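Enquirer: Dropping in my_file24.cif, with mmCIF, C-alpha atoms; chains and numbers go by the auth columns.
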```cif
data_protein
#
loop_
_atom_site.group_PDB
_atom_site.id
_atom_site.type_symbol
_atom_site.label_atom_id
_atom_site.label_comp_id
_atom_site.label_asym_id
_atom_site.label_seq_id
_atom_site.Cartn_x
_atom_site.Cartn_y
_atom_site.Cartn_z
_atom_site.B_iso_or_equiv
_atom_site.auth_seq_id
_atom_site.auth_asym_id
ATOM 1 C CA PRO A 1 63.409 145.169 129.973 0.00 1 A
ATOM 2 C CA HIS A 2 60.363 145.730 132.137 0.00 2 A
ATOM 3 C CA PRO A 3 56.684 144.829 131.542 0.00 3 A
ATOM 4 C CA THR A 4 55.769 148.526 131.659 0.00 4 A
ATOM 5 C CA GLY A 5 58.433 149.560 129.168 0.00 5 A
ATOM 6 C CA PRO A 6 59.776 151.708 127.763 0.00 6 A
ATOM 7 C CA TRP A 7 58.602 150.135 124.491 0.00 7 A
ATOM 8 C CA SER A 8 59.110 151.183 120.891 0.00 8 A
ATOM 9 C CA GLU A 9 56.155 152.023 118.672 0.00 9 A
ATOM 10 C CA PRO A 10 54.472 148.943 117.096 0.00 10 A
ATOM 11 C CA VAL A 11 55.531 148.207 113.504 0.00 11 A
ATOM 12 C CA LEU A 12 53.455 146.130 111.084 0.00 12 A
ATOM 13 C CA VAL A 13 55.456 143.161 109.746 0.00 13 A
ATOM 14 C CA LEU A 14 52.616 140.939 108.472 0.00 14 A
ATOM 15 C CA ASN A 15 49.150 142.064 107.362 0.00 15 A
ATOM 16 C CA SER A 16 46.884 139.029 107.538 0.00 16 A
ATOM 17 C CA THR A 17 44.032 140.943 105.849 0.00 17 A
ATOM 18 C CA ILE A 18 46.070 141.315 102.668 0.00 18 A
ATOM 19 C CA TRP A 19 47.096 137.663 102.688 0.00 19 A
ATOM 20 C CA ASN A 20 43.472 136.599 103.043 0.00 20 A
ATOM 21 C CA GLU A 21 42.164 138.780 100.194 0.00 21 A
ATOM 22 C CA ASP A 22 42.124 135.798 97.846 0.00 22 A
ATOM 23 C CA TYR A 23 39.572 134.181 100.136 0.00 23 A
ATOM 24 C CA TRP A 24 37.201 137.097 99.500 0.00 24 A
ATOM 25 C CA ALA A 25 37.821 136.881 95.755 0.00 25 A
ATOM 26 C CA LYS A 26 36.984 133.162 95.677 0.00 26 A
ATOM 27 C CA ASN A 27 34.160 132.986 98.214 0.00 27 A
ATOM 28 C CA HIS A 28 32.788 136.550 98.566 0.00 28 A
ATOM 29 C CA ARG A 29 33.144 136.306 102.335 0.00 29 A
ATOM 30 C CA PHE A 30 35.503 138.107 104.690 0.00 30 A
ATOM 31 C CA ALA A 31 38.127 135.926 106.336 0.00 31 A
ATOM 32 C CA HIS A 32 38.299 137.202 109.917 0.00 32 A
ATOM 33 C CA CYS A 33 41.536 135.350 110.524 0.00 33 A
ATOM 34 C CA ASP A 34 44.551 136.779 112.323 0.00 34 A
ATOM 35 C CA ALA A 35 48.033 135.530 111.479 0.00 35 A
ATOM 36 C CA ASN A 36 48.951 133.984 114.865 0.00 36 A
ATOM 37 C CA LEU A 37 52.558 135.023 114.109 0.00 37 A
ATOM 38 C CA ASN A 38 55.240 133.723 116.464 0.00 38 A
ATOM 39 C CA GLY A 39 58.906 132.891 116.107 0.00 39 A
ATOM 40 C CA ILE A 40 62.475 133.410 117.256 0.00 40 A
ATOM 41 C CA ILE A 41 65.161 136.068 116.837 0.00 41 A
ATOM 42 C CA LEU A 42 68.351 134.243 115.881 0.00 42 A
ATOM 43 C CA LYS A 43 71.893 135.137 116.929 0.00 43 A
ATOM 44 C CA ASN A 44 72.657 136.562 113.472 0.00 44 A
ATOM 45 C CA ASN A 45 69.703 139.001 113.877 0.00 45 A
ATOM 46 C CA ASN A 46 67.570 137.010 111.421 0.00 46 A
ATOM 47 C CA PHE A 47 63.969 136.256 112.368 0.00 47 A
ATOM 48 C CA LEU A 48 62.328 132.879 111.786 0.00 48 A
ATOM 49 C CA GLY A 49 58.578 132.888 112.211 0.00 49 A
ATOM 50 C CA LEU A 50 55.490 130.719 111.852 0.00 50 A
ATOM 51 C CA TRP A 51 52.034 132.025 110.945 0.00 51 A
ATOM 52 C CA ARG A 52 48.700 130.682 109.768 0.00 52 A
ATOM 53 C CA ARG A 53 46.640 131.670 106.756 0.00 53 A
ATOM 54 C CA CYS A 54 42.904 131.093 106.368 0.00 54 A
ATOM 55 C CA GLU A 55 42.259 129.031 103.251 0.00 55 A
ATOM 56 C CA THR A 56 39.472 126.986 101.603 0.00 56 A
ATOM 57 C CA PRO A 57 35.725 127.806 101.855 0.00 57 A
ATOM 58 C CA ASP A 58 35.662 126.487 105.428 0.00 58 A
ATOM 59 C CA LEU A 59 38.540 128.751 106.525 0.00 59 A
ATOM 60 C CA LEU A 60 40.989 125.896 106.920 0.00 60 A
ATOM 61 C CA THR A 61 44.004 127.302 108.754 0.00 61 A
ATOM 62 C CA ILE A 62 47.307 126.404 107.096 0.00 62 A
ATOM 63 C CA PRO A 63 50.690 127.112 108.766 0.00 63 A
ATOM 64 C CA HIS A 64 53.387 128.943 106.800 0.00 64 A
ATOM 65 C CA THR A 65 56.881 130.276 107.500 0.00 65 A
ATOM 66 C CA LEU A 66 58.152 133.845 107.570 0.00 66 A
ATOM 67 C CA PHE A 67 61.764 135.038 107.346 0.00 67 A
ATOM 68 C CA ALA A 68 63.486 138.351 107.964 0.00 68 A
ATOM 69 C CA SER A 69 67.157 139.138 107.371 0.00 69 A
ATOM 70 C CA ASP A 70 67.019 141.847 110.048 0.00 70 A
ATOM 71 C CA TRP A 71 64.385 141.537 112.760 0.00 71 A
ATOM 72 C CA LYS A 72 64.557 145.305 113.396 0.00 72 A
ATOM 73 C CA ASN A 73 63.775 146.149 109.756 0.00 73 A
ATOM 74 C CA ALA A 74 60.108 145.541 108.887 0.00 74 A
ATOM 75 C CA SER A 75 60.838 145.729 105.145 0.00 75 A
ATOM 76 C CA THR A 76 62.911 142.512 105.328 0.00 76 A
ATOM 77 C CA TYR A 77 60.014 140.352 106.590 0.00 77 A
ATOM 78 C CA GLN A 78 59.020 137.934 103.827 0.00 78 A
ATOM 79 C CA PRO A 79 56.117 135.528 104.444 0.00 79 A
ATOM 80 C CA SER A 80 55.994 132.298 102.446 0.00 80 A
ATOM 81 C CA ILE A 81 52.816 131.299 100.622 0.00 81 A
ATOM 82 C CA ASP A 82 53.862 127.637 100.536 0.00 82 A
ATOM 83 C CA PRO A 83 52.081 125.447 103.125 0.00 83 A
ATOM 84 C CA LEU A 84 54.315 124.193 105.929 0.00 84 A
ATOM 85 C CA PHE A 85 52.853 120.685 105.737 0.00 85 A
ATOM 86 C CA VAL A 86 49.716 118.892 104.535 0.00 86 A
ATOM 87 C CA LEU A 87 47.024 118.555 107.206 0.00 87 A
ATOM 88 C CA THR A 88 43.535 117.108 107.341 0.00 88 A
ATOM 89 C CA GLY A 89 40.388 118.610 108.847 0.00 89 A
ATOM 90 C CA SER A 90 40.743 122.251 109.840 0.00 90 A
ATOM 91 C CA GLY A 91 44.539 122.324 109.997 0.00 91 A
ATOM 92 C CA ALA A 92 46.577 123.818 112.833 0.00 92 A
ATOM 93 C CA GLU A 93 46.982 127.234 114.442 0.00 93 A
ATOM 94 C CA ASP A 94 48.554 129.130 117.351 0.00 94 A
ATOM 95 C CA PRO A 95 52.231 128.244 116.838 0.00 95 A
ATOM 96 C CA THR A 96 54.333 128.708 119.952 0.00 96 A
ATOM 97 C CA ASN A 97 57.559 130.595 120.135 0.00 97 A
ATOM 98 C CA ILE A 98 60.281 128.594 118.378 0.00 98 A
ATOM 99 C CA TRP A 99 63.069 126.977 120.393 0.00 99 A
ATOM 100 C CA THR A 100 66.222 125.226 119.237 0.00 100 A
ATOM 101 C CA THR A 101 68.271 122.118 120.067 0.00 101 A
ATOM 102 C CA GLU A 102 71.440 120.633 118.627 0.00 102 A
ATOM 103 C CA THR A 103 71.481 117.271 116.839 0.00 103 A
ATOM 104 C CA LYS A 104 74.156 114.609 117.319 0.00 104 A
ATOM 105 C CA ASP A 105 75.954 115.797 114.193 0.00 105 A
ATOM 106 C CA GLY A 106 75.968 119.435 115.315 0.00 106 A
ATOM 107 C CA ARG A 107 73.057 120.822 113.302 0.00 107 A
ATOM 108 C CA VAL A 108 70.450 123.178 114.742 0.00 108 A
ATOM 109 C CA ALA A 109 66.919 121.797 115.064 0.00 109 A
ATOM 110 C CA TYR A 110 63.943 124.173 115.336 0.00 110 A
ATOM 111 C CA HIS A 111 60.849 123.247 117.335 0.00 111 A
ATOM 112 C CA ALA A 112 57.329 124.572 117.924 0.00 112 A
ATOM 113 C CA ILE A 113 53.982 123.380 119.271 0.00 113 A
ATOM 114 C CA PHE A 114 50.727 124.000 117.378 0.00 114 A
ATOM 115 C CA HIS A 115 47.125 123.900 118.576 0.00 115 A
ATOM 116 C CA ASP A 116 45.891 121.039 116.418 0.00 116 A
ATOM 117 C CA GLU A 117 42.520 121.458 114.691 0.00 117 A
ATOM 118 C CA GLN A 118 42.474 118.443 112.407 0.00 118 A
ATOM 119 C CA ALA A 119 39.582 116.843 114.317 0.00 119 A
ATOM 120 C CA THR A 120 37.401 119.968 114.564 0.00 120 A
ATOM 121 C CA ARG A 121 37.579 123.762 114.522 0.00 121 A
ATOM 122 C CA CYS A 122 37.023 126.360 117.250 0.00 122 A
ATOM 123 C CA MET A 123 35.028 128.636 114.953 0.00 123 A
ATOM 124 C CA LEU A 124 32.670 125.717 114.233 0.00 124 A
ATOM 125 C CA GLY A 125 31.791 125.446 117.925 0.00 125 A
ATOM 126 C CA GLU A 126 33.879 122.408 118.863 0.00 126 A
ATOM 127 C CA CYS A 127 37.288 123.611 119.976 0.00 127 A
ATOM 128 C CA PRO A 128 39.896 120.835 120.372 0.00 128 A
ATOM 129 C CA ASN A 129 42.072 120.407 123.456 0.00 129 A
ATOM 130 C CA VAL A 130 45.230 118.974 121.886 0.00 130 A
ATOM 131 C CA GLY A 131 48.507 120.276 120.491 0.00 131 A
ATOM 132 C CA ARG A 132 51.249 118.747 118.366 0.00 132 A
ATOM 133 C CA HIS A 133 54.979 119.160 117.908 0.00 133 A
ATOM 134 C CA ALA A 134 56.599 120.372 114.673 0.00 134 A
ATOM 135 C CA PHE A 135 60.318 120.454 113.953 0.00 135 A
ATOM 136 C CA SER A 136 62.748 121.432 111.228 0.00 136 A
ATOM 137 C CA LEU A 137 66.461 121.081 110.523 0.00 137 A
ATOM 138 C CA ASP A 138 66.713 124.163 108.308 0.00 138 A
ATOM 139 C CA GLY A 139 63.752 126.365 109.293 0.00 139 A
ATOM 140 C CA LYS A 140 62.151 125.852 105.872 0.00 140 A
ATOM 141 C CA ALA A 141 61.071 122.199 105.631 0.00 141 A
ATOM 142 C CA TRP A 142 59.038 121.188 108.679 0.00 142 A
ATOM 143 C CA SER A 143 57.643 117.871 109.902 0.00 143 A
ATOM 144 C CA TYR A 144 54.433 117.587 111.930 0.00 144 A
ATOM 145 C CA SER A 145 53.982 114.888 114.553 0.00 145 A
ATOM 146 C CA LYS A 146 51.277 112.246 114.204 0.00 146 A
ATOM 147 C CA VAL A 147 50.815 112.098 117.993 0.00 147 A
ATOM 148 C CA ASN A 148 49.772 114.743 120.488 0.00 148 A
ATOM 149 C CA ALA A 149 52.346 116.707 122.475 0.00 149 A
ATOM 150 C CA TYR A 150 49.631 117.653 124.983 0.00 150 A
ATOM 151 C CA ASN A 151 45.968 116.788 125.466 0.00 151 A
ATOM 152 C CA GLY A 152 43.080 118.017 127.593 0.00 152 A
ATOM 153 C CA THR A 153 43.939 116.028 130.717 0.00 153 A
ATOM 154 C CA ILE A 154 46.033 117.812 133.359 0.00 154 A
ATOM 155 C CA LEU A 155 47.691 115.834 136.146 0.00 155 A
ATOM 156 C CA PHE A 156 48.261 117.718 139.402 0.00 156 A
ATOM 157 C CA GLN A 157 50.971 117.053 141.999 0.00 157 A
ATOM 158 C CA ASN A 158 48.394 116.003 144.575 0.00 158 A
ATOM 159 C CA GLY A 159 47.388 113.046 142.399 0.00 159 A
ATOM 160 C CA THR A 160 44.158 114.546 141.034 0.00 160 A
ATOM 161 C CA SER A 161 43.438 115.199 137.382 0.00 161 A
ATOM 162 C CA PHE A 162 41.154 117.387 135.310 0.00 162 A
ATOM 163 C CA THR A 163 40.088 117.194 131.654 0.00 163 A
ATOM 164 C CA ALA A 164 39.450 120.529 129.973 0.00 164 A
ATOM 165 C CA ASP A 165 37.072 121.203 127.110 0.00 165 A
ATOM 166 C CA THR A 166 39.645 123.364 125.302 0.00 166 A
ATOM 167 C CA ARG A 167 43.411 123.914 125.481 0.00 167 A
ATOM 168 C CA ALA A 168 44.678 126.390 122.901 0.00 168 A
ATOM 169 C CA ARG A 169 47.228 129.217 122.512 0.00 169 A
ATOM 170 C CA PRO A 170 50.234 127.095 123.561 0.00 170 A
ATOM 171 C CA HIS A 171 53.418 128.881 124.599 0.00 171 A
ATOM 172 C CA ILE A 172 56.746 127.430 125.721 0.00 172 A
ATOM 173 C CA ILE A 173 58.423 129.084 128.713 0.00 173 A
ATOM 174 C CA LEU A 174 62.191 128.863 128.341 0.00 174 A
ATOM 175 C CA GLY A 175 64.962 129.232 130.901 0.00 175 A
ATOM 176 C CA GLY A 176 68.642 129.978 130.637 0.00 176 A
ATOM 177 C CA GLU A 177 70.991 132.880 130.259 0.00 177 A
ATOM 178 C CA ASP A 178 69.780 134.322 126.939 0.00 178 A
ATOM 179 C CA TYR A 179 66.773 134.424 124.606 0.00 179 A
ATOM 180 C CA ASN A 180 68.170 131.574 122.514 0.00 180 A
ATOM 181 C CA SER A 181 68.124 129.154 125.445 0.00 181 A
ATOM 182 C CA ASN A 182 66.563 125.758 124.806 0.00 182 A
ATOM 183 C CA GLN A 183 65.800 124.825 128.420 0.00 183 A
ATOM 184 C CA LEU A 184 62.098 123.998 128.473 0.00 184 A
ATOM 185 C CA LEU A 185 60.592 124.998 131.814 0.00 185 A
ATOM 186 C CA ALA A 186 56.841 124.976 131.251 0.00 186 A
ATOM 187 C CA LEU A 187 53.979 124.917 128.771 0.00 187 A
ATOM 188 C CA SER A 188 51.289 127.568 129.091 0.00 188 A
ATOM 189 C CA THR A 189 47.895 127.189 127.387 0.00 189 A
ATOM 190 C CA GLY A 190 44.570 128.943 127.355 0.00 190 A
ATOM 191 C CA LEU A 191 42.219 126.516 129.107 0.00 191 A
ATOM 192 C CA LYS A 192 38.432 126.492 128.944 0.00 192 A
ATOM 193 C CA PRO A 193 37.106 124.141 131.669 0.00 193 A
ATOM 194 C CA THR A 194 33.802 123.173 130.023 0.00 194 A
ATOM 195 C CA LYS A 195 31.988 123.923 126.798 0.00 195 A
ATOM 196 C CA GLU A 196 29.553 126.117 128.755 0.00 196 A
ATOM 197 C CA SER A 197 32.291 128.088 130.539 0.00 197 A
ATOM 198 C CA GLY A 198 32.240 131.791 129.775 0.00 198 A
ATOM 199 C CA TYR A 199 35.900 132.272 130.628 0.00 199 A
ATOM 200 C CA VAL A 200 39.374 130.931 129.841 0.00 200 A
ATOM 201 C CA TRP A 201 42.179 130.293 132.326 0.00 201 A
ATOM 202 C CA THR A 202 45.893 130.513 131.678 0.00 202 A
ATOM 203 C CA LEU A 203 47.349 127.168 132.721 0.00 203 A
ATOM 204 C CA VAL A 204 51.109 126.862 133.302 0.00 204 A
ATOM 205 C CA GLN A 205 52.255 123.224 133.316 0.00 205 A
ATOM 206 C CA PRO A 206 55.842 122.425 134.428 0.00 206 A
ATOM 207 C CA LEU A 207 57.811 120.221 132.060 0.00 207 A
ATOM 208 C CA ARG A 208 60.357 117.548 132.798 0.00 208 A
ATOM 209 C CA HIS A 209 63.737 119.211 133.005 0.00 209 A
ATOM 210 C CA HIS A 210 65.771 119.068 129.826 0.00 210 A
ATOM 211 C CA ALA A 211 69.288 120.490 129.952 0.00 211 A
ATOM 212 C CA ALA A 212 70.552 122.432 126.973 0.00 212 A
ATOM 213 C CA GLY A 213 72.699 120.302 124.712 0.00 213 A
ATOM 214 C CA LYS A 214 72.629 117.709 121.991 0.00 214 A
ATOM 215 C CA ASN A 215 69.400 115.978 121.092 0.00 215 A
ATOM 216 C CA ASN A 216 69.854 112.247 120.571 0.00 216 A
ATOM 217 C CA HIS A 217 66.627 111.950 118.577 0.00 217 A
ATOM 218 C CA GLN A 218 67.519 114.457 115.854 0.00 218 A
ATOM 219 C CA GLY A 219 64.799 116.821 117.046 0.00 219 A
ATOM 220 C CA SER A 220 61.784 114.539 116.661 0.00 220 A
ATOM 221 C CA GLU A 221 61.095 113.639 120.288 0.00 221 A
ATOM 222 C CA GLU A 222 62.013 116.836 122.094 0.00 222 A
ATOM 223 C CA THR A 223 58.556 117.462 123.487 0.00 223 A
ATOM 224 C CA LYS A 224 57.855 113.958 124.743 0.00 224 A
ATOM 225 C CA GLY A 225 56.054 114.125 128.060 0.00 225 A
ATOM 226 C CA LEU A 226 54.156 117.415 127.529 0.00 226 A
ATOM 227 C CA GLY A 227 50.702 115.884 127.899 0.00 227 A
#
```
Please rewrite the model in this file as structure tokens.
Expert:
Amino acid sequence: PHPTGPWSEPVLVLNSTIWNEDYWAKNHRFAHCDANLNGIILKNNNFLGLWRRCETPDLLTIPHTLFASDWKNASTYQPSIDPLFVLTGSGAEDPTNIWTTETKDGRVAYHAIFHDEQATRCMLGECPNVGRHAFSLDGKAWSYSKVNAYNGTILFQNGTSFTADTRARPHIILGGEDYNSNQLLALSTGLKPTKESGYVWTLVQPLRHHAAGKNNHQGSEETKGLG
């Protein structure tokens, strides 16, 4: 594959406008809310995805799952309407790509990082600078961490630090021999230096090396040290 292609024609697998129609019916307002869909293609050609749906009068963003039995067949993509977990405030958004680890008893654990909006909401003018880890042992039932996986403070190798107004759009950069690798190399985020800044940087933050293999904490501490 090459950044310039060749690429296939885009295929619609999730229409967030349709899923947000109930918001218009209840509140007579349009929900300008994209799905933030992200996920992983599994070795059996299934697709496991995470997406957010705009709900409540204040457009609370609630994460949901999405499954496909064949990632190449758009008709097999089935989004779930059941909330992933119960959140306060304005919920969570921007799920990263999903990565996997293996537990001590040989089960697969699924992981993702969300931009956490429980304290405030970007569309309300106060965009948070933190993200949190979510994990699952079956891809269906997920747990959401009570502590931040990353925050707004970035430590540089020269000993200096910087605290950003906003860090959103998290993405995990993976290494290894195939797309199912679980070697975490870096965390990238969209960073807005100050509230008055008219631009956003892409920040790539190296992570402590973690070799692929069994996870002694059953999947719950895999992202320790991201902040």
Enquirer: In Å, how far is it from atom CA of A:Gln183 to atom CA of A:Pro10?
Expert: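 Interatomic distance here is 29.0 Å.
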Enquirer: Could you state which residues are captured by the PyMOL selection byres ((chain A and resi 151-168) around 8) in this file, as JSON, numbers by chain?
Expert: {"A": [94, 115, 127, 128, 129, 130, 131, 148, 149, 150, 169, 170, 189, 190, 191, 192, 193, 194, 195, 227]}
Enquirer: Figure out the distance between atom CA of A:Ala186 and atom CA of A:Asp105, please, to one decimal in Å.
Expert: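 It comes out at 27.2 Å.
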Enquirer: For atom CA of A:Val147 and atom CA of A:Trp201, quote the distance in Å rounded to one decimal.
Expert: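 Calculated distance between atom CA of A:Val147 and atom CA of A:Trp201 is 24.7 Å.
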Enquirer: Kindly indicate which residue among A:Gly5, A:Arg53, A:Arg132, A:Glu196 lies nearest to A:Cys33, using only C-alpha atoms for the distances.
Expert: A:Arg53
Enquirer: Starting from the displayed file, determine the output of the PyMOL selection byres ((chain A and resi 66) around 10) and express the residue list as a list in words.
Expert: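 That selection, the PyMOL selection byres ((chain A and resi 66) around 10), comes back as Val13, Leu14, Leu37, Asn38, Gly39, Phe47, Leu48, Gly49, Leu50, Trp51, His64, Thr65, Phe67, Ala68, Tyr77, Gln78, Pro79, Ser80, Ile81, Gly139 and Lys140 of chain A.
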Enquirer: Apply the PyMOL selection byres ((chain A and resi 95) around 6) to the structure shown and report the selected residues as a ChimeraX atom specification.
Expert: /A:93-94,96,113-114
Enquirer: Quick one: residues within 12 Å of A:Ser136, only C-alpha atoms counted, chain neighbours fewer than 3 positions away excluded, as a list in words?
Expert: Leu48, Leu50, Thr65, Leu84, Phe85, Ile98, Trp99, Thr100, Thr101, Glu102, Thr103, Arg107, Val108, Ala109, Tyr110, His111, Ala112, His133, Gly139, Lys140, Ala141, Trp142, Ser143, Tyr144, Ser145, Gln218, Gly219, Ser220 and Glu222 of chain A
Enquirer: Output C-alpha atoms of each residue in that selection to a file, as a PDB file, keeping the file's coordinate frame.
Expert:
```pdb
ATOM      1  CA  LEU A  48      62.328 132.879 111.786  1.00  0.00           C
ATOM      2  CA  LEU A  50      55.490 130.719 111.852  1.00  0.00           C
ATOM      3  CA  THR A  65      56.881 130.276 107.500  1.00  0.00           C
ATOM      4  CA  LEU A  84      54.315 124.193 105.929  1.00  0.00           C
ATOM      5  CA  PHE A  85      52.853 120.685 105.737  1.00  0.00           C
ATOM      6  CA  ILE A  98      60.281 128.594 118.378  1.00  0.00           C
ATOM      7  CA  TRP A  99      63.069 126.977 120.393  1.00  0.00           C
ATOM      8  CA  THR A 100      66.222 125.226 119.237  1.00  0.00           C
ATOM      9  CA  THR A 101      68.271 122.118 120.067  1.00  0.00           C
ATOM     10  CA  GLU A 102      71.440 120.633 118.627  1.00  0.00           C
ATOM     11  CA  THR A 103      71.481 117.271 116.839  1.00  0.00           C
ATOM     12  CA  ARG A 107      73.057 120.822 113.302  1.00  0.00           C
ATOM     13  CA  VAL A 108      70.450 123.178 114.742  1.00  0.00           C
ATOM     14  CA  ALA A 109      66.919 121.797 115.064  1.00  0.00           C
ATOM     15  CA  TYR A 110      63.943 124.173 115.336  1.00  0.00           C
ATOM     16  CA  HIS A 111      60.849 123.247 117.335  1.00  0.00           C
ATOM     17  CA  ALA A 112      57.329 124.572 117.924  1.00  0.00           C
ATOM     18  CA  HIS A 133      54.979 119.160 117.908  1.00  0.00           C
ATOM     19  CA  GLY A 139      63.752 126.365 109.293  1.00  0.00           C
ATOM     20  CA  LYS A 140      62.151 125.852 105.872  1.00  0.00           C
ATOM     21  CA  ALA A 141      61.071 122.199 105.631  1.00  0.00           C
ATOM     22  CA  TRP A 142      59.038 121.188 108.679  1.00  0.00           C
ATOM     23  CA  SER A 143      57.643 117.871 109.902  1.00  0.00           C
ATOM     24  CA  TYR A 144      54.433 117.587 111.930  1.00  0.00           C
ATOM     25  CA  SER A 145      53.982 114.888 114.553  1.00  0.00           C
ATOM     26  CA  GLN A 218      67.519 114.457 115.854  1.00  0.00           C
ATOM     27  CA  GLY A 219      64.799 116.821 117.046  1.00  0.00           C
ATOM     28  CA  SER A 220      61.784 114.539 116.661  1.00  0.00           C
ATOM     29  CA  GLU A 222      62.013 116.836 122.094  1.00  0.00           C
TER      30      GLU A 222
END
```
Enquirer: Neighbouring residues of A:Leu185 were defined as those with any atom within 8 Å, considering only C-alpha atoms; residues of the same chain fewer than 2 positions away were excluded. Please report them as a list in words.
Expert: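 Using only C-alpha atoms, the neighbours found are Ile172, Ile173, Leu174, Gly175, Gln183, Leu187, Pro206, Leu207, Arg208 and His209 of chain A.
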Enquirer: Counting only C-alpha atoms, select every polymer residue within 6 Å of (48.1, 124.2, 111.1) as defined in the file's coordinates, and provide the selection as a list of chain:residue names.
Expert: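 Within the cut-off we find A:Thr61, A:Ile62, A:Pro63, A:Gly91, A:Ala92, A:Glu93.
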